[in-house]
file start24.csv (CSV, C-alpha atoms)
chain,number,residue,atom,x,y,z
A,1,MET,CA,35.4,133.8,72.9
A,2,ALA,CA,34.5,133.0,69.3
A,3,GLY,CA,36.1,129.5,69.5
A,4,LEU,CA,34.1,128.5,72.5
A,5,HIS,CA,30.8,129.6,70.9
A,6,ASP,CA,31.7,127.9,67.6
A,7,LYS,CA,31.6,124.6,69.4
A,8,GLN,CA,28.2,125.3,70.8
A,9,ALA,CA,26.6,126.6,67.6
A,10,ASP,CA,24.3,123.7,67.0
A,11,ASP,CA,23.0,123.5,70.6
A,12,TYR,CA,22.4,127.2,70.6
A,13,TYR,CA,20.3,127.0,67.5
A,14,GLU,CA,18.2,124.2,68.8
A,15,ALA,CA,17.9,124.8,72.5
A,16,ARG,CA,17.9,128.5,73.3
A,17,PRO,CA,14.6,130.2,74.1
A,18,ARG,CA,13.0,133.0,72.0
A,19,TYR,CA,12.6,136.4,73.6
A,20,PRO,CA,9.0,137.6,73.8
A,21,SER,CA,7.7,139.7,71.0
A,22,ASP,CA,6.3,142.4,73.3
A,23,TRP,CA,9.8,143.1,74.4
A,24,TYR,CA,10.8,144.3,70.9
A,25,SER,CA,7.6,146.4,70.8
A,26,LYS,CA,8.7,148.2,74.0
A,27,LEU,CA,12.2,148.9,72.6
A,28,SER,CA,10.7,150.1,69.3
A,29,ALA,CA,8.4,152.5,71.1
A,30,LEU,CA,11.5,154.2,72.6
A,31,THR,CA,13.1,155.3,69.3
A,32,PRO,CA,11.5,158.0,67.1
A,33,HIS,CA,13.1,156.6,64.0
A,34,HIS,CA,13.1,153.0,62.8
A,35,ASN,CA,15.7,152.9,59.9
A,36,LEU,CA,18.6,151.0,61.3
A,37,ALA,CA,19.3,148.7,64.2
A,38,TRP,CA,22.5,146.8,65.1
A,39,ASP,CA,22.3,143.5,67.0
A,40,VAL,CA,25.7,142.7,68.5
A,41,GLY,CA,26.8,139.2,69.5
A,42,THR,CA,23.8,138.0,67.5
A,43,GLY,CA,24.5,134.3,67.8
A,44,ASN,CA,21.8,132.5,65.9
A,45,GLY,CA,20.0,135.8,65.2
A,46,GLN,CA,17.0,135.2,67.5
A,47,ALA,CA,17.1,138.8,68.7
A,48,ALA,CA,17.9,140.2,65.3
A,49,ILE,CA,14.8,138.8,63.7
A,50,GLY,CA,12.6,140.1,66.6
A,51,VAL,CA,14.1,143.6,66.1
A,52,ALA,CA,13.5,143.3,62.3
A,53,GLU,CA,9.8,143.3,62.9
A,54,HIS,CA,10.1,147.0,63.8
A,55,TYR,CA,13.1,148.4,61.9
A,56,ALA,CA,13.8,148.8,58.1
A,57,LYS,CA,17.2,147.1,58.4
A,58,VAL,CA,19.1,145.2,61.0
A,59,ILE,CA,22.8,144.5,60.9
A,60,ALA,CA,23.6,141.5,63.0
A,61,THR,CA,27.2,140.8,63.9
A,62,ASP,CA,29.1,138.1,65.8
A,63,SER,CA,32.7,137.1,66.3
A,64,SER,CA,31.7,133.4,65.8
A,65,GLU,CA,31.6,132.4,62.1
A,66,ALA,CA,29.9,129.2,63.0
A,67,GLN,CA,27.1,131.0,64.7
A,68,ILE,CA,26.6,133.4,61.8
A,69,LYS,CA,26.4,130.4,59.4
A,70,ARG,CA,23.6,128.9,61.4
A,71,ALA,CA,21.7,132.2,61.9
A,72,ILE,CA,18.0,132.5,61.1
A,73,SER,CA,17.4,134.0,57.7
A,74,HIS,CA,15.2,137.2,57.4
A,75,PRO,CA,14.9,139.6,54.5
A,76,LYS,CA,15.6,142.6,56.6
A,77,VAL,CA,18.6,141.2,58.5
A,78,GLN,CA,22.2,141.3,57.2
A,79,TYR,CA,24.5,139.0,59.1
A,80,ILE,CA,28.2,139.9,59.2
A,81,HIS,CA,31.0,137.9,60.8
A,82,THR,CA,33.2,140.3,62.8
A,83,PRO,CA,36.3,138.5,64.0
A,84,ASP,CA,38.0,139.6,67.2
A,85,SER,CA,40.8,141.0,65.1
A,86,ILE,CA,38.6,143.6,63.3
A,87,THR,CA,39.6,147.2,64.0
A,88,ASP,CA,37.2,149.7,65.5
A,89,LYS,CA,37.3,151.7,62.3
A,90,ASP,CA,36.5,148.8,60.1
A,91,LEU,CA,33.7,147.7,62.4
A,92,ILE,CA,32.1,151.2,62.4
A,93,SER,CA,32.3,151.3,58.6
A,94,LEU,CA,30.4,148.0,58.4
A,95,ILE,CA,27.6,149.3,60.5
A,96,GLY,CA,27.1,152.9,59.3
A,97,ALA,CA,28.0,156.6,59.7
A,98,GLU,CA,28.2,158.4,63.0
A,99,GLY,CA,24.7,158.9,64.5
A,100,SER,CA,23.1,156.5,62.0
A,101,VAL,CA,21.9,153.7,64.3
A,102,ASP,CA,18.5,154.0,66.0
A,103,LEU,CA,18.7,150.9,68.2
A,104,ILE,CA,21.6,148.8,69.4
A,105,THR,CA,20.7,145.4,71.0
A,106,VAL,CA,22.8,142.9,72.8
A,107,ALA,CA,21.1,139.7,74.0
A,108,THR,CA,22.9,137.5,76.5
A,109,ALA,CA,26.3,138.5,75.2
A,110,VAL,CA,27.6,141.9,76.4
A,111,HIS,CA,29.3,140.4,79.5
A,112,TRP,CA,31.9,138.9,77.0
A,113,PHE,CA,32.7,142.2,75.5
A,114,ASP,CA,35.5,144.7,76.0
A,115,LEU,CA,33.0,147.1,77.6
A,116,PRO,CA,34.9,150.5,77.3
A,117,LYS,CA,35.6,149.7,73.6
A,118,PHE,CA,32.1,148.6,72.8
A,119,TYR,CA,30.4,151.5,74.6
A,120,SER,CA,32.6,154.0,72.8
A,121,ILE,CA,31.6,152.5,69.4
A,122,ALA,CA,28.0,152.3,70.4
A,123,THR,CA,28.0,156.0,71.5
A,124,HIS,CA,29.6,157.0,68.2
A,125,LEU,CA,27.0,155.1,66.1
A,126,LEU,CA,23.8,155.9,68.0
A,127,ARG,CA,21.5,158.6,66.7
A,128,LYS,CA,21.6,161.8,68.8
A,129,PRO,CA,19.0,162.5,70.0
A,130,GLY,CA,16.8,159.4,69.9
A,131,GLY,CA,19.2,156.4,69.7
A,132,VAL,CA,18.8,153.7,72.3
A,133,ILE,CA,21.0,150.9,73.5
A,134,ALA,CA,19.4,147.8,75.1
A,135,LEU,CA,21.3,145.0,76.9
A,136,TRP,CA,19.6,142.0,78.4
A,137,ALA,CA,20.4,138.4,79.5
A,138,TYR,CA,19.2,135.6,81.8
A,139,SER,CA,20.9,133.3,84.2
A,140,PHE,CA,19.2,130.1,85.2
A,141,THR,CA,15.8,128.5,84.8
A,142,SER,CA,12.8,127.5,86.8
A,143,VAL,CA,10.4,124.6,86.0
A,144,ASN,CA,9.0,123.2,89.3
A,145,ASP,CA,10.3,122.5,92.8
A,146,GLU,CA,11.5,118.9,92.0
A,147,ILE,CA,13.2,119.7,88.7
A,148,ASP,CA,14.7,123.0,90.1
A,149,ALA,CA,16.2,121.2,93.1
A,150,VAL,CA,18.2,118.8,90.8
A,151,THR,CA,19.1,121.6,88.4
A,152,ARG,CA,20.4,123.7,91.2
A,153,ARG,CA,22.7,120.8,92.3
A,154,PHE,CA,23.9,120.5,88.7
A,155,GLU,CA,24.6,124.3,88.6
A,156,GLU,CA,26.9,124.0,91.6
A,157,THR,CA,29.0,121.5,89.7
A,158,VAL,CA,29.1,123.8,86.7
A,159,ARG,CA,30.1,127.0,88.6
A,160,PRO,CA,33.9,126.4,88.8
A,161,TYR,CA,34.0,126.2,85.0
A,162,TRP,CA,32.2,129.5,84.2
A,163,ASN,CA,34.4,132.3,82.7
A,164,GLU,CA,34.8,135.1,85.3
A,165,LYS,CA,32.9,137.5,83.0
A,166,THR,CA,29.7,135.5,83.5
A,167,GLN,CA,29.7,136.9,87.1
A,168,TYR,CA,27.8,139.8,85.5
A,169,CYS,CA,25.0,137.3,84.7
A,170,PHE,CA,25.1,135.8,88.2
A,171,ASP,CA,24.7,139.4,89.5
A,172,GLN,CA,21.8,139.9,87.1
A,173,TYR,CA,23.7,142.9,85.5
A,174,LYS,CA,23.6,144.8,88.8
A,175,THR,CA,27.4,145.2,88.7
A,176,LEU,CA,27.7,145.7,84.9
A,177,PRO,CA,28.9,149.2,84.0
A,178,PHE,CA,26.3,151.1,81.9
A,179,PRO,CA,27.3,154.7,81.2
A,180,PHE,CA,24.0,155.7,79.6
A,181,GLU,CA,21.0,157.8,80.6
A,182,SER,CA,18.0,155.8,81.8
A,183,VAL,CA,14.8,155.5,79.8
A,184,GLY,CA,12.9,153.7,82.5
A,185,LEU,CA,13.9,150.1,81.7
A,186,GLY,CA,16.8,149.6,84.0
A,187,SER,CA,19.8,151.7,84.8
A,188,GLU,CA,23.3,151.1,86.0
A,189,GLY,CA,23.1,149.1,89.3
A,190,GLU,CA,19.3,148.7,89.0
A,191,PRO,CA,18.3,146.4,86.1
A,192,ALA,CA,14.7,145.9,85.1
A,193,PHE,CA,13.2,142.4,84.7
A,194,PHE,CA,10.9,140.5,82.4
A,195,TYR,CA,10.1,136.8,81.8
A,196,MET,CA,10.2,134.4,78.9
A,197,HIS,CA,9.0,130.9,78.6
A,198,LYS,CA,9.8,127.9,76.5
A,199,GLU,CA,8.2,124.4,76.2
A,200,PHE,CA,10.7,121.6,76.5
A,201,SER,CA,10.8,117.9,76.2
A,202,PHE,CA,13.4,116.3,78.4
A,203,ASP,CA,15.8,115.9,75.5
A,204,GLY,CA,15.4,119.6,74.6
A,205,TYR,CA,16.0,120.6,78.2
A,206,LEU,CA,19.1,118.5,78.3
A,207,ARG,CA,20.4,120.1,75.1
A,208,MET,CA,19.8,123.5,76.6
A,209,LEU,CA,22.0,122.5,79.5
A,210,LYS,CA,24.7,121.2,77.1
A,211,SER,CA,24.7,124.6,75.4
A,212,TRP,CA,26.1,126.4,78.4
A,213,SER,CA,29.7,127.5,77.7
A,214,ALA,CA,30.9,126.2,81.1
A,215,VAL,CA,29.7,122.7,80.2
A,216,THR,CA,31.8,122.9,77.0
A,217,THR,CA,34.8,124.2,79.0
A,218,ALA,CA,34.6,121.4,81.5
A,219,LYS,CA,34.4,118.8,78.7
A,220,GLU,CA,37.5,120.2,77.1
A,221,VAL,CA,39.5,119.4,80.3
A,222,GLY,CA,38.0,115.9,80.6
A,223,VAL,CA,35.1,116.6,82.9
A,224,ASP,CA,31.6,115.4,81.8
A,225,LEU,CA,29.2,117.4,84.0
A,226,LEU,CA,26.2,115.8,82.4
A,227,HIS,CA,27.3,112.2,83.2
A,228,ASP,CA,24.9,109.3,83.2
A,229,ARG,CA,24.0,109.6,86.9
A,230,MET,CA,23.2,113.3,86.6
A,231,VAL,CA,21.1,112.7,83.5
A,232,GLU,CA,19.2,110.0,85.3
A,233,GLU,CA,18.5,112.3,88.2
A,234,LEU,CA,17.2,115.0,85.9
A,235,ASN,CA,15.1,112.5,84.0
A,236,SER,CA,13.6,111.2,87.1
A,237,ALA,CA,12.7,114.7,88.3
A,238,TRP,CA,11.3,115.5,84.9
A,239,GLY,CA,8.9,112.6,85.1
A,240,GLY,CA,10.0,110.8,81.9
A,241,LYS,CA,11.3,111.8,78.5
A,242,ASN,CA,7.8,112.0,76.9
A,243,LEU,CA,6.6,114.8,79.2
A,244,MET,CA,6.7,118.4,78.2
A,245,HIS,CA,7.3,121.2,80.8
A,246,THR,CA,7.3,125.0,80.6
A,247,VAL,CA,10.6,126.4,81.5
A,248,THR,CA,10.6,130.0,82.8
A,249,TYR,CA,13.6,132.4,82.4
A,250,LYS,CA,14.0,135.6,84.4
A,251,CYS,CA,15.6,138.2,82.2
A,252,PHE,CA,17.4,141.3,83.4
A,253,THR,CA,17.9,144.4,81.3
A,254,LEU,CA,19.6,147.8,81.1
A,255,VAL,CA,18.3,150.3,78.5
A,256,GLY,CA,19.5,153.8,77.9
A,257,ARG,CA,20.5,156.7,75.6
A,258,PRO,CA,23.8,158.4,75.2
A,259,ARG,CA,24.3,161.1,77.8
A,260,VAL,CA,24.1,164.7,76.7
A,261,GLN,CA,27.6,166.2,76.8
A,262,SER,CA,27.7,169.4,78.8
A,263,SER,CA,29.3,172.4,77.0
call {"tool": "encode", "arguments": {"input": "start24.csv", "output": "structure tokens"}}
result
Amino acid sequence: MAGLHDKQADDYYEARPRYPSDWYSKLSALTPHHNLAWDVGTGNGQAAIGVAEHYAKVIATDSSEAQIKRAISHPKVQYIHTPDSITDKDLISLIGAEGSVDLITVATAVHWFDLPKFYSIATHLLRKPGGVIALWAYSFTSVNDEIDAVTRRFEETVRPYWNEKTQYCFDQYKTLPFPFESVGLGSEGEPAFFYMHKEFSFDGYLRMLKSWSAVTTAKEVGVDLLHDRMVEELNSAWGGKNLMHTVTYKCFTLVGRPRVQSS
């Protein structure tokens, strides 16, 4: 999926919301050690820099070189491009030794992964006991009834262009396999929830919609989902380009530890 996200890199950087700082505090409180964290599918690094407020070092990886080049600089974050062709052995050697990672985070990305492969690597790298893996994402947004009504109509036109793996997001990770022991912040089949908020101008909101992978996919086959009429409808519901609105995102999360192997 690197090629698709390469094309969205600028819009991701400008338009995606920031996860709340207290979320990272909750995750930090779950690990007894705070030496090394790995942020996987880091994109522009927004989760990596949040994690870095609590851990001595964060390794942030992404298969998209364009995303890595636009990532937010932080003295405790090391960004590494990990192409799809990288071997498991080479990837593990980039991150650390077995049992060396205190926290693994994946923000709005795990649904793209080869899950059995990723979970095997994560289990190998996580500290035992004490290591924690946290996955979270969000699906769609809410502003107010008028804007939401138009946005829901837009979402229906987008749906045929979503990759099948995004169904995990539509299901709010309720169907996502998660073979880890619960720590009280969501478990397989029962995600936990939190909210985040971002202030948008109309142009900012429009850029956020443009950053959706399905919008890019549609455009590649000649379908402009954000055509002039749709943009006019959204602008009318927004109340004019000069207005600012708070956009609310409902996030869903699964957090756990490696299961203890019975002897």
call {"tool": "closest_residue", "arguments": {"input": "start24.csv", "among": "A:Val158, A:Ala237, A:Ala47, A:Ala134", "to": "Ala214 of chain A", "atoms": "all atoms listed in the file"}}
result
A:Val158
call {"tool": "residues_around", "arguments": {"input": "start24.csv", "residues": "segment 51-61 of chain A", "least_positions_apart": "4", "cutoff": "7 Å", "atoms": "only C-alpha atoms", "output": "JSON, numbers by chain"}}
result
{"A": [24, 28, 34, 35, 36, 37, 38, 39, 40, 41, 42, 47, 76, 77, 78, 79, 80, 81, 82, 95]}
call {"tool": "residues_near_point", "arguments": {"input": "start24.csv", "point": "(20.8, 142.6, 82.1)", "cutoff": "8 Å", "atoms": "all atoms listed in the file", "output": "ChimeraX atom specification"}}
result
/A:108,135-138,169,172-174,191-192,251-254
call {"tool": "write_last_selection", "arguments": {"input": "start24.csv", "atoms": "C-alpha atoms", "output": "PDB file, in the frame of the given file"}}
result
ATOM      1  CA  THR A 108      22.900 137.500  76.500  1.00  0.00           C
ATOM      2  CA  LEU A 135      21.300 145.000  76.900  1.00  0.00           C
ATOM      3  CA  TRP A 136      19.600 142.000  78.400  1.00  0.00           C
ATOM      4  CA  ALA A 137      20.400 138.400  79.500  1.00  0.00           C
ATOM      5  CA  TYR A 138      19.200 135.600  81.800  1.00  0.00           C
ATOM      6  CA  CYS A 169      25.000 137.300  84.700  1.00  0.00           C
ATOM      7  CA  GLN A 172      21.800 139.900  87.100  1.00  0.00           C
ATOM      8  CA  TYR A 173      23.700 142.900  85.500  1.00  0.00           C
ATOM      9  CA  LYS A 174      23.600 144.800  88.800  1.00  0.00           C
ATOM     10  CA  PRO A 191      18.300 146.400  86.100  1.00  0.00           C
ATOM     11  CA  ALA A 192      14.700 145.900  85.100  1.00  0.00           C
ATOM     12  CA  CYS A 251      15.600 138.200  82.200  1.00  0.00           C
ATOM     13  CA  PHE A 252      17.400 141.300  83.400  1.00  0.00           C
ATOM     14  CA  THR A 253      17.900 144.400  81.300  1.00  0.00           C
ATOM     15  CA  LEU A 254      19.600 147.800  81.100  1.00  0.00           C
TER      16      LEU A 254
END
call {"tool": "atom_distance", "arguments": {"input": "start24.csv", "atom1": "atom CA of Ala29 of chain A", "atom2": "atom CA of Ser187 of chain A"}}
result
17.8 Å
call {"tool": "closest_residue", "arguments": {"input": "start24.csv", "among": "A:Asn44, A:Ser85, A:Thr123, A:Ser100", "to": "Gly256 of chain A", "atoms": "only C-alpha atoms"}}
result
A:Thr123
call {"tool": "closest_residue", "arguments": {"input": "start24.csv", "among": "A:Pro177, A:Gly43, A:Pro17, A:Gly99", "to": "Arg207 of chain A", "atoms": "only C-alpha atoms"}}
result
A:Pro17
call {"tool": "residues_near_point", "arguments": {"input": "start24.csv", "point": "(12.8, 134.3, 85.1)", "cutoff": "9 Å", "atoms": "only C-alpha atoms", "output": "ChimeraX atom specification"}}
result
/A:138-142,193-197,247-252
call {"tool": "residues_around", "arguments": {"input": "start24.csv", "residues": "Val231 of chain A", "least_positions_apart": "2", "cutoff": "12 Å", "atoms": "all atoms listed in the file", "output": "list in words"}}
result
Ile147, Val150, Thr151, Phe154, Phe202, Asp203, Tyr205, Leu206, Arg207, Leu209, Lys210, Asp224, Leu225, Leu226, His227, Asp228, Arg229, Glu233, Leu234, Asn235, Ser236, Ala237, Trp238, Gly240 and Lys241 of chain A
call {"tool": "closest_residue", "arguments": {"input": "start24.csv", "among": "A:Thr175, A:Phe180, A:Gly239, A:Lys198", "to": "Tyr19 of chain A", "atoms": "only C-alpha atoms"}}
result
A:Lys198
call {"tool": "atom_distance", "arguments": {"input": "start24.csv", "atom1": "atom CA of Glu199 of chain A", "atom2": "atom CA of Asp148 of chain A"}}
result
15.4 Å
call {"tool": "closest_residue", "arguments": {"input": "start24.csv", "among": "A:Thr31, A:Thr217, A:Thr157, A:Ser73", "to": "Gly131 of chain A", "atoms": "only C-alpha atoms"}}
result
A:Thr31
call {"tool": "atom_distance", "arguments": {"input": "start24.csv", "atom1": "atom CA of Met208 of chain A", "atom2": "atom CA of Met230 of chain A"}}
result
14.7 Å
call {"tool": "axis_aligned_box", "arguments": {"input": "start24.csv", "around": "segment 55-67 of chain A", "padding_each_side": "6 Å", "output": "lines of an AutoDock Vina configuration file"}}
result
center_x = 22.9
center_y = 139.0
center_z = 62.2
size_x = 31.6
size_y = 31.6
size_z = 20.2
call {"tool": "decode", "arguments": {"input": "start24.csv", "residues": "segment 120-145 of chain A", "atoms": "C-alpha atoms", "output": "mmCIF file, in the first residue's frame"}}
result
data_model
loop_
_atom_site.group_PDB
_atom_site.id
_atom_site.type_symbol
_atom_site.label_atom_id
_atom_site.label_comp_id
_atom_site.auth_asym_id
_atom_site.auth_seq_id
_atom_site.Cartn_x
_atom_site.Cartn_y
_atom_site.Cartn_z
ATOM 1 C CA SER A 120 4.606 -12.712 15.173
ATOM 2 C CA ILE A 121 7.239 -9.964 14.895
ATOM 3 C CA ALA A 122 5.549 -7.893 17.601
ATOM 4 C CA THR A 123 5.448 -10.844 20.002
ATOM 5 C CA HIS A 124 9.131 -11.535 19.328
ATOM 6 C CA LEU A 125 10.169 -7.941 20.040
ATOM 7 C CA LEU A 126 7.968 -7.100 23.035
ATOM 8 C CA ARG A 127 9.483 -7.220 26.509
ATOM 9 C CA LYS A 128 8.215 -10.160 28.570
ATOM 10 C CA PRO A 129 6.771 -9.467 30.996
ATOM 11 C CA GLY A 130 5.681 -5.846 30.672
ATOM 12 C CA GLY A 131 5.573 -5.150 26.936
ATOM 13 C CA VAL A 132 2.363 -3.695 25.504
ATOM 14 C CA ILE A 133 0.932 -3.462 21.994
ATOM 15 C CA ALA A 134 -1.676 -0.780 21.237
ATOM 16 C CA LEU A 135 -3.703 -0.502 18.031
ATOM 17 C CA TRP A 136 -6.173 2.267 17.357
ATOM 18 C CA ALA A 137 -7.982 3.975 14.498
ATOM 19 C CA TYR A 138 -11.031 6.038 13.651
ATOM 20 C CA SER A 139 -13.560 5.847 10.861
ATOM 21 C CA PHE A 140 -15.659 8.900 10.092
ATOM 22 C CA THR A 141 -16.302 12.311 11.596
ATOM 23 C CA SER A 142 -19.037 14.327 13.261
ATOM 24 C CA VAL A 143 -19.512 18.111 13.218
ATOM 25 C CA ASN A 144 -23.231 18.935 13.430
ATOM 26 C CA ASP A 145 -26.436 17.517 11.991
#
